[in-house]
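S.K.: Just one file: structure36.cif, with mmCIF, C-alpha atoms.
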data_start
#
loop_
_atom_site.label_atom_id
_atom_site.label_comp_id
_atom_site.auth_asym_id
_atom_site.auth_seq_id
_atom_site.Cartn_x
_atom_site.Cartn_y
_atom_site.Cartn_z
CA MET A 269 -23.45 7.96 -2.25
CA LEU A 270 -21.00 9.38 -4.75
CA GLY A 271 -18.65 10.20 -1.89
CA THR A 272 -18.86 6.58 -0.79
CA ALA A 273 -18.13 5.43 -4.31
CA VAL A 274 -15.05 7.67 -4.54
CA ILE A 275 -13.59 6.38 -1.28
CA VAL A 276 -14.30 2.74 -2.10
CA PHE A 277 -12.79 3.32 -5.54
CA ARG A 278 -9.60 4.70 -3.98
CA GLU A 279 -9.35 1.78 -1.60
CA THR A 280 -10.02 -0.88 -4.23
CA LEU A 281 -7.86 0.57 -6.99
CA GLU A 282 -4.58 -0.64 -5.55
CA ALA A 283 -5.84 -4.17 -4.99
CA ALA A 284 -7.47 -4.19 -8.44
CA LEU A 285 -4.24 -3.17 -10.17
CA ILE A 286 -2.18 -5.73 -8.27
CA VAL A 287 -4.67 -8.43 -9.26
CA THR A 288 -4.40 -7.23 -12.86
CA ILE A 289 -0.62 -7.35 -12.94
CA VAL A 290 -0.59 -10.80 -11.36
CA LEU A 291 -3.16 -12.02 -13.87
CA ALA A 292 -1.01 -10.67 -16.69
CA ALA A 293 2.17 -12.18 -15.26
CA THR A 294 0.50 -15.57 -14.97
CA ARG A 295 -1.00 -15.44 -18.42
CA GLY A 296 -1.58 -18.86 -19.88
CA ILE A 297 -1.03 -20.80 -16.67
CA ARG A 298 -3.69 -23.38 -16.16
CA GLY A 299 -5.61 -22.87 -12.96
CA ARG A 300 -4.45 -19.30 -12.41
CA GLY A 301 -8.05 -18.11 -12.24
CA THR A 302 -8.73 -20.45 -9.36
CA TRP A 303 -5.53 -19.42 -7.58
CA VAL A 304 -6.02 -15.69 -8.00
CA GLY A 305 -9.74 -16.01 -7.24
CA GLY A 306 -8.82 -17.94 -4.12
CA GLY A 307 -6.36 -15.21 -3.14
CA ILE A 308 -9.06 -12.56 -3.55
CA ALA A 309 -11.58 -14.61 -1.55
CA ALA A 310 -9.08 -15.30 1.24
CA GLY A 311 -8.13 -11.61 1.28
CA LEU A 312 -11.77 -10.56 1.58
CA ALA A 313 -12.44 -13.05 4.36
CA GLY A 314 -9.30 -11.86 6.16
CA ALA A 315 -10.32 -8.23 5.62
CA THR A 316 -13.61 -8.80 7.44
CA LEU A 317 -11.77 -10.37 10.38
CA ILE A 318 -9.17 -7.59 10.45
CA ALA A 319 -11.85 -4.90 10.30
CA GLY A 320 -13.58 -6.55 13.25
CA ALA A 321 -10.33 -6.49 15.18
CA ALA A 322 -9.34 -3.01 13.96
CA GLY A 323 -9.69 -1.41 17.36
CA ALA A 324 -7.59 -4.09 19.02
CA ILE A 325 -4.93 -3.93 16.30
CA ALA A 326 -4.77 -0.14 16.34
CA GLY A 327 -4.41 -0.17 20.11
CA SER A 328 -1.62 -2.75 20.19
CA PHE A 329 2.11 -1.95 20.24
CA GLU A 330 1.49 1.32 22.05
CA GLY A 331 -0.96 2.51 19.41
CA MET A 332 1.30 1.55 16.52
CA GLY A 333 -0.32 -1.78 15.70
CA GLN A 334 -1.95 -0.49 12.52
CA GLU A 335 1.34 0.80 11.12
CA LEU A 336 3.16 -2.42 12.00
CA PHE A 337 0.38 -4.48 10.47
CA ASN A 338 0.36 -2.43 7.27
CA ALA A 339 4.14 -2.38 6.98
CA GLY A 340 4.30 -6.12 7.64
CA VAL A 341 1.65 -6.90 5.04
CA LEU A 342 3.32 -4.63 2.49
CA LEU A 343 6.79 -6.08 3.04
CA ALA A 344 5.42 -9.63 2.85
CA ALA A 345 3.86 -8.74 -0.52
CA VAL A 346 7.21 -7.28 -1.63
CA LEU A 347 8.93 -10.58 -0.74
CA MET A 348 6.36 -12.61 -2.68
CA LEU A 349 6.59 -10.41 -5.77
CA GLY A 350 10.39 -10.38 -5.52
CA TRP A 351 10.54 -14.14 -5.26
CA HIS A 352 8.38 -14.51 -8.33
CA HIS A 353 10.53 -12.05 -10.26
CA LEU A 354 13.80 -13.78 -9.41
CA TRP A 355 12.34 -17.16 -10.23
CA MET A 356 11.24 -15.89 -13.60
CA ALA A 357 14.65 -14.34 -14.20
CA GLU A 358 16.35 -17.66 -13.70
CA HIS A 359 13.94 -19.94 -15.43
CA GLY A 360 12.08 -17.75 -17.85
CA ARG A 361 14.59 -15.40 -19.37
CA ALA A 362 16.98 -18.09 -20.52
CA LEU A 363 14.26 -19.12 -22.90
CA ALA A 364 13.20 -15.68 -24.02
CA GLY A 365 13.03 -15.23 -27.75
CA GLN A 366 12.62 -18.89 -28.41
CA LEU A 367 9.54 -20.13 -30.08
CA ARG A 368 8.30 -21.81 -26.96
CA ALA A 369 8.95 -18.75 -24.82
CA LEU A 370 5.34 -18.42 -23.86
CA SER A 371 4.77 -21.97 -22.73
CA GLU A 372 8.15 -22.12 -20.97
CA SER A 373 7.65 -18.82 -19.20
CA VAL A 374 4.26 -20.00 -18.25
CA ARG A 375 5.67 -23.19 -16.83
CA ALA A 376 8.23 -21.22 -14.86
CA GLY A 377 5.60 -18.79 -13.63
CA GLY A 378 3.52 -21.70 -12.43
CA GLU A 379 6.13 -22.43 -9.79
CA THR A 380 5.51 -19.12 -8.10
CA LEU A 381 1.78 -18.97 -8.61
CA GLY A 382 1.42 -19.60 -4.89
CA ALA A 383 3.61 -16.62 -4.04
CA LEU A 384 1.63 -14.37 -6.37
CA THR A 385 -1.60 -15.63 -4.88
CA VAL A 386 -0.34 -14.62 -1.45
CA ALA A 387 0.56 -11.16 -2.79
CA VAL A 388 -2.96 -10.79 -4.19
CA GLY A 389 -4.49 -11.95 -0.92
CA LEU A 390 -2.39 -9.47 1.06
CA ALA A 391 -3.35 -6.56 -1.20
CA VAL A 392 -7.02 -7.39 -0.90
CA LEU A 393 -6.65 -7.89 2.84
CA ARG A 394 -5.09 -4.50 3.46
CA GLU A 395 -7.29 -2.42 1.21
CA GLY A 396 -10.35 -4.52 2.00
CA ALA A 397 -10.04 -4.10 5.76
CA GLU A 398 -10.10 -0.30 5.41
CA THR A 399 -13.08 -0.51 3.07
CA VAL A 400 -15.03 -2.79 5.39
CA LEU A 401 -14.32 -0.49 8.32
CA PHE A 402 -15.42 2.55 6.35
CA VAL A 403 -18.59 0.88 5.10
CA GLN A 404 -19.48 -0.39 8.57
CA GLY A 405 -19.22 3.13 9.94
CA LEU A 406 -21.27 4.49 7.10
CA SER A 407 -24.04 1.94 7.41
CA THR A 408 -24.86 3.23 10.89
CA THR A 409 -25.84 6.62 9.46
CA GLU A 410 -26.74 6.09 5.81
CA PRO A 411 -29.54 4.04 4.25
CA THR A 412 -28.22 0.58 3.40
CA LYS A 413 -29.31 0.89 -0.21
CA ASN A 414 -27.24 4.02 -0.80
CA VAL A 415 -24.23 2.45 0.89
CA LEU A 416 -24.50 -0.67 -1.26
CA ILE A 417 -24.86 1.32 -4.47
CA GLY A 418 -21.86 3.47 -3.52
CA VAL A 419 -19.74 0.44 -2.71
CA GLY A 420 -20.84 -1.27 -5.90
CA LEU A 421 -19.99 1.75 -8.05
CA GLY A 422 -16.63 2.28 -6.39
CA ALA A 423 -15.59 -1.35 -6.60
CA ALA A 424 -16.80 -1.55 -10.20
CA GLY A 425 -14.63 1.49 -11.00
CA GLY A 426 -11.56 -0.29 -9.66
CA VAL A 427 -12.38 -3.41 -11.65
CA VAL A 428 -12.93 -1.40 -14.85
CA ILE A 429 -9.53 0.29 -14.56
CA GLY A 430 -7.92 -3.08 -13.86
CA THR A 431 -9.64 -4.66 -16.86
CA LEU A 432 -8.54 -1.82 -19.16
CA LEU A 433 -4.94 -2.24 -17.99
CA TYR A 434 -5.16 -5.98 -18.54
CA PHE A 435 -6.38 -5.68 -22.09
CA GLY A 436 -3.75 -3.04 -22.73
CA LEU A 437 -1.07 -5.39 -21.47
CA VAL A 438 -2.15 -8.44 -23.44
CA ARG A 439 -1.72 -6.48 -26.67
CA ILE A 440 2.00 -6.44 -26.05
CA PRO A 441 3.70 -8.95 -28.35
CA ILE A 442 4.51 -12.22 -26.56
CA ARG A 443 8.25 -11.73 -27.16
CA HIS A 444 8.26 -8.71 -24.88
CA PHE A 445 5.28 -9.55 -22.76
CA PHE A 446 6.97 -11.18 -19.79
CA ARG A 447 9.73 -8.60 -19.78
CA VAL A 448 7.06 -5.90 -19.40
CA THR A 449 5.17 -7.75 -16.68
CA GLY A 450 8.55 -8.30 -14.99
CA TRP A 451 9.20 -4.54 -14.96
CA LEU A 452 5.70 -3.94 -13.66
CA ILE A 453 6.24 -6.39 -10.82
CA VAL A 454 9.57 -4.76 -9.90
CA ALA A 455 8.07 -1.25 -9.96
CA LEU A 456 5.03 -2.41 -8.00
CA ALA A 457 7.19 -4.11 -5.36
CA SER A 458 9.37 -1.02 -5.01
CA GLY A 459 6.33 1.19 -4.57
CA LEU A 460 4.91 -1.12 -1.91
CA ALA A 461 8.26 -1.07 -0.09
CA SER A 462 8.15 2.73 -0.12
CA GLN A 463 4.65 2.67 1.38
CA ALA A 464 5.89 0.30 4.08
CA ALA A 465 8.68 2.77 4.85
CA ARG A 466 6.14 5.52 5.36
CA PHE A 467 4.23 3.44 7.91
CA LEU A 468 7.41 2.63 9.82
CA GLU A 469 8.23 6.34 9.83
CA GLN A 470 4.71 7.31 10.90
CA ALA A 471 5.02 4.87 13.82
CA ASN A 472 8.36 6.44 14.74
CA LEU A 473 10.14 3.12 14.24
CA LEU A 474 12.49 4.44 11.60
CA PRO A 475 13.57 8.03 11.05
CA ALA A 476 12.25 9.84 7.97
CA ILE A 477 15.84 11.14 7.53
CA VAL A 478 14.44 13.99 5.42
CA PRO A 479 10.63 14.27 5.78
CA GLN A 480 10.10 15.69 2.30
CA MET A 481 12.55 15.18 -0.54
CA TRP A 482 10.51 17.09 -3.08
CA ASP A 483 6.99 18.34 -3.70
CA THR A 484 5.50 17.63 -7.09
CA SER A 485 1.90 18.00 -5.92
CA GLY A 486 1.66 21.13 -8.09
CA VAL A 487 2.31 18.98 -11.17
CA LEU A 488 0.55 15.76 -10.24
CA THR A 489 -1.42 15.17 -7.06
CA GLU A 490 -1.77 11.68 -5.68
CA THR A 491 -5.52 12.14 -5.46
CA SER A 492 -5.97 12.64 -9.20
CA LEU A 493 -6.67 9.50 -11.18
CA PRO A 494 -3.34 9.55 -13.07
CA GLY A 495 -1.58 10.24 -9.78
CA GLN A 496 -3.30 7.31 -8.11
CA LEU A 497 -2.52 5.00 -11.01
CA LEU A 498 1.14 5.98 -10.98
CA HIS A 499 1.16 5.67 -7.20
CA VAL A 500 0.19 2.02 -7.45
CA LEU A 501 2.04 1.11 -10.63
CA VAL A 502 5.40 2.77 -10.01
CA GLY A 503 5.08 3.99 -6.43
CA TYR A 504 4.64 7.66 -7.31
CA SER A 505 4.52 9.92 -4.30
CA ALA A 506 4.16 13.69 -4.54
CA ARG A 507 6.04 14.28 -1.28
CA PRO A 508 8.22 11.31 -0.45
CA SER A 509 10.54 11.17 2.52
CA ALA A 510 14.18 10.17 2.19
CA LEU A 511 13.39 6.90 3.99
CA GLN A 512 10.76 6.07 1.37
CA LEU A 513 13.27 6.77 -1.36
CA VAL A 514 15.82 4.51 0.31
CA PHE A 515 13.32 1.64 0.50
CA TYR A 516 12.21 2.24 -3.08
CA VAL A 517 15.67 2.39 -4.59
CA ALA A 518 16.95 -0.51 -2.48
CA THR A 519 14.09 -2.79 -3.59
CA LEU A 520 14.49 -1.72 -7.21
CA ALA A 521 18.25 -2.22 -7.16
CA ILE A 522 18.15 -5.57 -5.34
CA LEU A 523 15.55 -6.98 -7.72
CA ILE A 524 17.23 -5.71 -10.88
CA ILE A 525 20.72 -6.79 -9.88
CA ALA A 526 19.67 -10.15 -8.45
CA ALA A 527 17.55 -10.91 -11.50
CA ARG A 528 20.45 -10.07 -13.80
CA LEU A 529 22.85 -12.25 -11.82
CA ARG A 530 20.45 -15.15 -11.85
CA SER A 531 19.67 -14.88 -15.54
CA ILE A 532 23.34 -14.91 -16.61
CA ALA A 533 24.38 -17.63 -14.19
CA PRO A 534 24.91 -20.94 -16.00
CA THR A 535 21.59 -22.67 -15.97
CA PRO A 536 21.72 -26.17 -14.54
CA PRO A 537 20.14 -28.87 -16.70
CA ARG A 538 16.43 -28.44 -16.47
CA MET A 539 14.66 -30.89 -14.32
CA PRO A 540 12.29 -33.00 -16.32
CA SER A 541 9.20 -31.96 -14.43
CA ALA A 542 9.70 -28.31 -13.68
CA ALA A 543 5.98 -27.71 -13.64
CA MET B 190 19.50 -8.48 6.69
CA ARG B 191 16.06 -8.86 8.23
CA SER B 192 17.34 -9.47 11.74
CA LEU B 193 19.55 -6.41 11.33
CA LEU B 194 16.49 -4.41 10.37
CA VAL B 195 14.56 -5.69 13.36
CA ALA B 196 17.48 -4.85 15.65
CA MET B 197 17.59 -1.36 14.15
CA LEU B 198 13.88 -0.94 14.71
CA PHE B 199 14.21 -1.71 18.38
CA ALA B 200 17.27 0.50 18.79
CA VAL B 201 15.62 3.46 17.12
CA THR B 202 12.36 2.91 18.98
CA SER B 203 13.86 2.80 22.41
CA LEU B 204 15.89 5.91 21.67
CA ALA B 205 13.24 8.07 20.16
CA TRP B 206 9.84 7.19 21.53
CA ALA B 207 9.52 9.21 24.66
CA ASP B 208 10.17 12.91 24.43
CA ASP B 209 8.65 14.34 21.27
CA PRO B 210 6.25 17.25 21.84
CA THR B 211 2.71 15.90 21.87
CA PHE B 212 -0.48 17.51 20.57
CA GLU B 213 -3.99 16.23 21.02
CA ILE B 214 -6.80 16.50 18.52
CA THR B 215 -10.32 15.22 19.11
CA ILE B 216 -12.81 14.12 16.49
CA LYS B 217 -16.42 14.65 17.47
CA ASP B 218 -19.42 14.82 15.14
CA HIS B 219 -16.96 14.43 12.25
CA LYS B 220 -15.09 17.62 13.16
CA PHE B 221 -11.61 18.20 14.54
CA THR B 222 -11.09 20.13 17.76
CA PRO B 223 -8.94 22.14 17.77
CA SER B 224 -9.01 22.55 14.03
CA GLU B 225 -5.92 24.74 14.00
CA ILE B 226 -2.90 23.74 16.03
CA SER B 227 0.33 25.65 16.34
CA VAL B 228 3.28 23.30 16.50
CA PRO B 229 7.02 23.87 16.63
CA SER B 230 8.91 23.54 13.36
CA ASN B 231 12.10 21.57 12.83
CA THR B 232 11.31 18.97 15.42
CA LYS B 233 9.47 15.71 15.25
CA ILE B 234 6.03 15.92 16.86
CA LYS B 235 3.56 13.38 18.10
CA LEU B 236 -0.12 13.79 17.29
CA VAL B 237 -2.64 11.96 19.43
CA VAL B 238 -5.95 11.90 17.60
CA LYS B 239 -8.95 10.84 19.69
CA ASN B 240 -11.98 9.68 17.80
CA ASP B 241 -15.00 10.27 20.05
CA ASP B 242 -17.41 9.37 17.27
CA ALA B 243 -18.78 5.86 17.02
CA THR B 244 -17.75 5.66 13.37
CA PRO B 245 -14.20 5.23 12.06
CA GLU B 246 -12.31 8.13 10.52
CA GLU B 247 -9.18 8.25 8.41
CA PHE B 248 -6.80 10.99 9.38
CA GLU B 249 -5.20 12.06 6.15
CA SER B 250 -2.80 14.77 5.15
CA LYS B 251 -1.19 14.75 1.76
CA LYS B 252 1.16 17.54 2.77
CA LEU B 253 2.25 15.71 5.91
CA ASN B 254 2.40 12.46 3.89
CA ARG B 255 0.35 10.68 6.54
CA GLU B 256 -2.79 8.59 6.71
CA LYS B 257 -4.20 6.48 9.47
CA VAL B 258 -7.55 4.85 10.08
CA ILE B 259 -8.91 5.55 13.56
CA PRO B 260 -11.72 3.17 14.56
CA GLY B 261 -14.66 4.66 16.46
CA LYS B 262 -14.11 5.37 20.17
CA THR B 263 -10.35 4.86 19.94
CA GLN B 264 -7.31 7.07 19.70
CA ALA B 265 -4.33 6.99 17.41
CA THR B 266 -0.79 8.22 17.60
CA ILE B 267 0.82 9.67 14.49
CA PHE B 268 4.37 10.96 14.27
CA VAL B 269 5.05 13.79 11.83
CA GLY B 270 7.88 16.07 10.88
CA PRO B 271 10.32 17.61 11.57
CA LEU B 272 8.32 20.21 9.63
CA LYS B 273 9.43 23.35 7.88
CA PRO B 274 7.49 26.45 8.94
CA GLY B 275 4.16 26.61 7.13
CA GLU B 276 0.62 25.29 7.10
CA TYR B 277 -0.20 21.62 6.84
CA PRO B 278 -3.88 20.91 6.16
CA PHE B 279 -5.40 17.58 7.14
CA VAL B 280 -8.83 16.02 6.67
CA GLY B 281 -10.89 13.13 7.90
CA GLU B 282 -11.10 11.30 4.62
CA TYR B 283 -14.39 9.64 5.47
CA HIS B 284 -16.07 13.01 6.17
CA GLU B 285 -14.05 15.39 4.07
CA LYS B 286 -16.69 18.12 4.06
CA THR B 287 -16.76 18.69 7.80
CA ALA B 288 -13.57 17.12 9.14
CA THR B 289 -10.86 19.59 8.21
CA GLY B 290 -8.03 21.19 10.09
CA LYS B 291 -4.43 22.26 9.85
CA LEU B 292 -1.14 22.25 11.67
CA ILE B 293 0.69 25.55 11.69
CA ALA B 294 4.39 24.99 12.11
CA LYS B 295 6.24 28.01 13.47
#
Can you present the structure in this file as structure tokens?
M.R.:
Amino acid sequence: MLGTAVIVFRETLEAALIVTIVLAATRGIRGRGTWVGGGIAAGLAGATLIAGAAGAIAGSFEGMGQELFNAGVLLAAVLMLGWHHLWMAEHGRALAGQLRALSESVRAGGETLGALTVAVGLAVLREGAETVLFVQGLSTTEPTKNVLIGVGLGAAGGVVIGTLLYFGLVRIPIRHFFRVTGWLIVALASGLASQAARFLEQANLLPAIVPQMWDTSGVLTETSLPGQLLHVLVGYSARPSALQLVFYVATLAILIIAARLRSIAPTPPRMPSAA
Amino acid sequence: MRSLLVAMLFAVTSLAWADDPTFEITIKDHKFTPSEISVPSNTKIKLVVKNDDATPEEFESKKLNREKVIPGKTQATIFVGPLKPGEYPFVGEYHEKTATGKLIAK
């Protein structure tokens, strides 16, 4: 039961943290709860379907279907987060520091609420499918009650961590708030890109270049709670390959540079109904 | 950019897929057989993990930087390495107590 809880916790943590960051980044937008809730629901529904088709997916593309699926889902999430970030850079930062920064940022963020919803849905889909598969397997051998309690505890753990992060974030003064959530989105996207790289490498689609750049597992393992948190939030990996590093740094650099270019470009007159 | 990436994927795939040394591992009753496998170092290797159990398992190795869910009654291919000489433990994450093993790269 506890073992079940630990595994479900691990699987749900990433999705929970992504939901948290998206909720923070969309702070104040009307209807965000419905959007994000819808993303979670769609992700869960999709996860059940994917879990049902897991055998077929895993067997496709000469046994590399799972890696392609995971890499595709991760890269799609990176695109969605990146789009949101660049949109915010153009439309939000020009107004930073002004009195109406919050409402303006919020209006700008509203434009990409759909993209963020997709990112949430994809995170839930990917982590959820593995959880469903695991739980299905377990329920053939374990009493249903124990399985349900384990799943409940594990999922609750993920939600608790997410909630703590959220309330930590909302204490940040408004003036800096969207800058911080912007950094979080960039770091999150870079970490997801690095995970995608690992799947492409595992499927032998791209070369690892160097399989292990360093080994910091003696200092911080990915299985420890801080390690897992950093893994999701900034893409920490104790033994990354060079390919992962390339994907990470490329995503980070593209998003930082593009955001800077867009924020200093002369802003065209705002359209009257940007929201 | 994306089409370039896709083109690269296909190029690399067609070049590299065939000839890597292959090793088979079977999961049965939540245990790996063989649980210790000697593999060559400094070359990429292909692991074929057959899951004979009805339940899914997740092949996971932190040291190999690999994880893959293997649904029940299916098999999975996982590419690893090139490895430096040494031991590389792996587990079945869903049954960590019994499903353990290691690659020994020589």
S.K.: Write out, as a Markdown table, each residue of chain A that has an atom at most 6 Å from chain B, together with the closest pair of atoms and their distance in Å to one decimal, counting all atoms listed in the file, rows going by chain and rising number.
M.R.:
| residue | atom | partner | partner_atom | distance |
| --- | --- | --- | --- | --- |
| A:Gly323 | CA | B:Pro260 | CA | 5.7 |
| A:Gly331 | CA | B:Ala265 | CA | 6.0 |
| A:Gly405 | CA | B:Thr244 | CA | 4.5 |
| A:Gln470 | CA | B:Phe268 | CA | 5.0 |
| A:Leu473 | CA | B:Thr202 | CA | 5.2 |
S.K.: I need the residues from that last selection saved to file as a short mmCIF file (atom, residue, chain, number, x, y, z; two decimals), keeping the file's coordinate frame (with C-alpha atoms), if you can.
M.R.:
data_model
loop_
_atom_site.label_atom_id
_atom_site.label_comp_id
_atom_site.auth_asym_id
_atom_site.auth_seq_id
_atom_site.Cartn_x
_atom_site.Cartn_y
_atom_site.Cartn_z
CA GLY A 323 -9.69 -1.41 17.36
CA GLY A 331 -0.96 2.51 19.41
CA GLY A 405 -19.22 3.13 9.94
CA GLN A 470 4.71 7.31 10.90
CA LEU A 473 10.14 3.12 14.24
#
S.K.: One decimal, Å: what's the distance from CA of His353 (chain A) over to CA of Ala527 (chain A), could you say?
M.R.: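 Value for the CA of His353 (chain A)-CA of Ala527 (chain A) distance: 7.2 Å.
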S.K.: Quick one: residues within 7 Å of region 289-291 of chain B, all atoms listed in the file counted, chain neighbours fewer than 4 positions away excluded, as a PyMOL selection string?
M.R.: chain B and resi 220-221+224-226+276-281+285
S.K.: What would the selection look like, as a list in words, if the PyMOL selection byres ((chain A and resi 469) around 10) were run on the coordinates I just shared?
M.R.: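 Checked against the file, the PyMOL selection byres ((chain A and resi 469) around 10) matches Glu335, Gln463, Ala464, Ala465, Arg466, Phe467, Leu468, Gln470, Ala471, Asn472, Leu473, Leu474, Pro475, Ala476, Ile477, Pro479, Ser509, Leu511 and Gln512 of chain A; Arg255, Ile267, Phe268, Val269 and Gly270 of chain B.
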S.K.: Write out as a count of residues only the residues lying within 9 Å of region 279-296 of chain A, counting only C-alpha atoms and excluding same-chain residues fewer than 5 positions away.
M.R.: 52
S.K.: Would you mind reading off the distance between CA of Ile297 (chain A) and CA of Leu343 (chain A), one decimal, in Å?
M.R.: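 Computed distance, CA of Ile297 (chain A) to CA of Leu343 (chain A), equals 25.8 Å.
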S.K.: Grab the CA of His352 (chain A) to CA of Arg528 (chain A) distance for me, in Å with one decimal place.
M.R.: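 Value for the CA of His352 (chain A)-CA of Arg528 (chain A) distance: 14.0 Å.
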S.K.: Under the PyMOL selection byres ((chain A and resi 526) around 12), which residues of this model are included? Write them out as a list of chain:residue names.
M.R.: A:Gly350, A:Trp351, A:His353, A:Leu354, A:Trp355, A:Met356, A:Ala357, A:Glu358, A:Val454, A:Ala518, A:Thr519, A:Leu520, A:Ala521, A:Ile522, A:Leu523, A:Ile524, A:Ile525, A:Ala527, A:Arg528, A:Leu529, A:Arg530, A:Ser531, A:Ile532, A:Ala533
S.K.: Here is a test: counting all atoms listed in the file, which residue of A:Val400, A:Leu416, A:Leu312, A:Leu460 is nearest to Leu342 (chain A)?
M.R.: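 With all atoms listed in the file as the atom set, the closest residue is A:Leu460.
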S.K.: Check the smallest atom-to-atom distance from each of A:Gly340, A:Gly305, A:Pro508, A:Gly320 to Trp482 (chain A) using all atoms listed in the file, then report the winner.
M.R.: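 Between A:Gly340, A:Gly305, A:Pro508, A:Gly320, the residue approaching Trp482 (chain A) most closely is A:Pro508.
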S.K.: Go through B:Ala288, B:Asn231, B:Val238, B:Ser250 one by one, measure the shortest atom-to-atom distance of each to His219 (chain B) using only C-alpha atoms, and give the residue with the smallest value.
M.R.: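 Once distances to His219 (chain B) are computed over only C-alpha atoms, the minimum belongs to B:Ala288.
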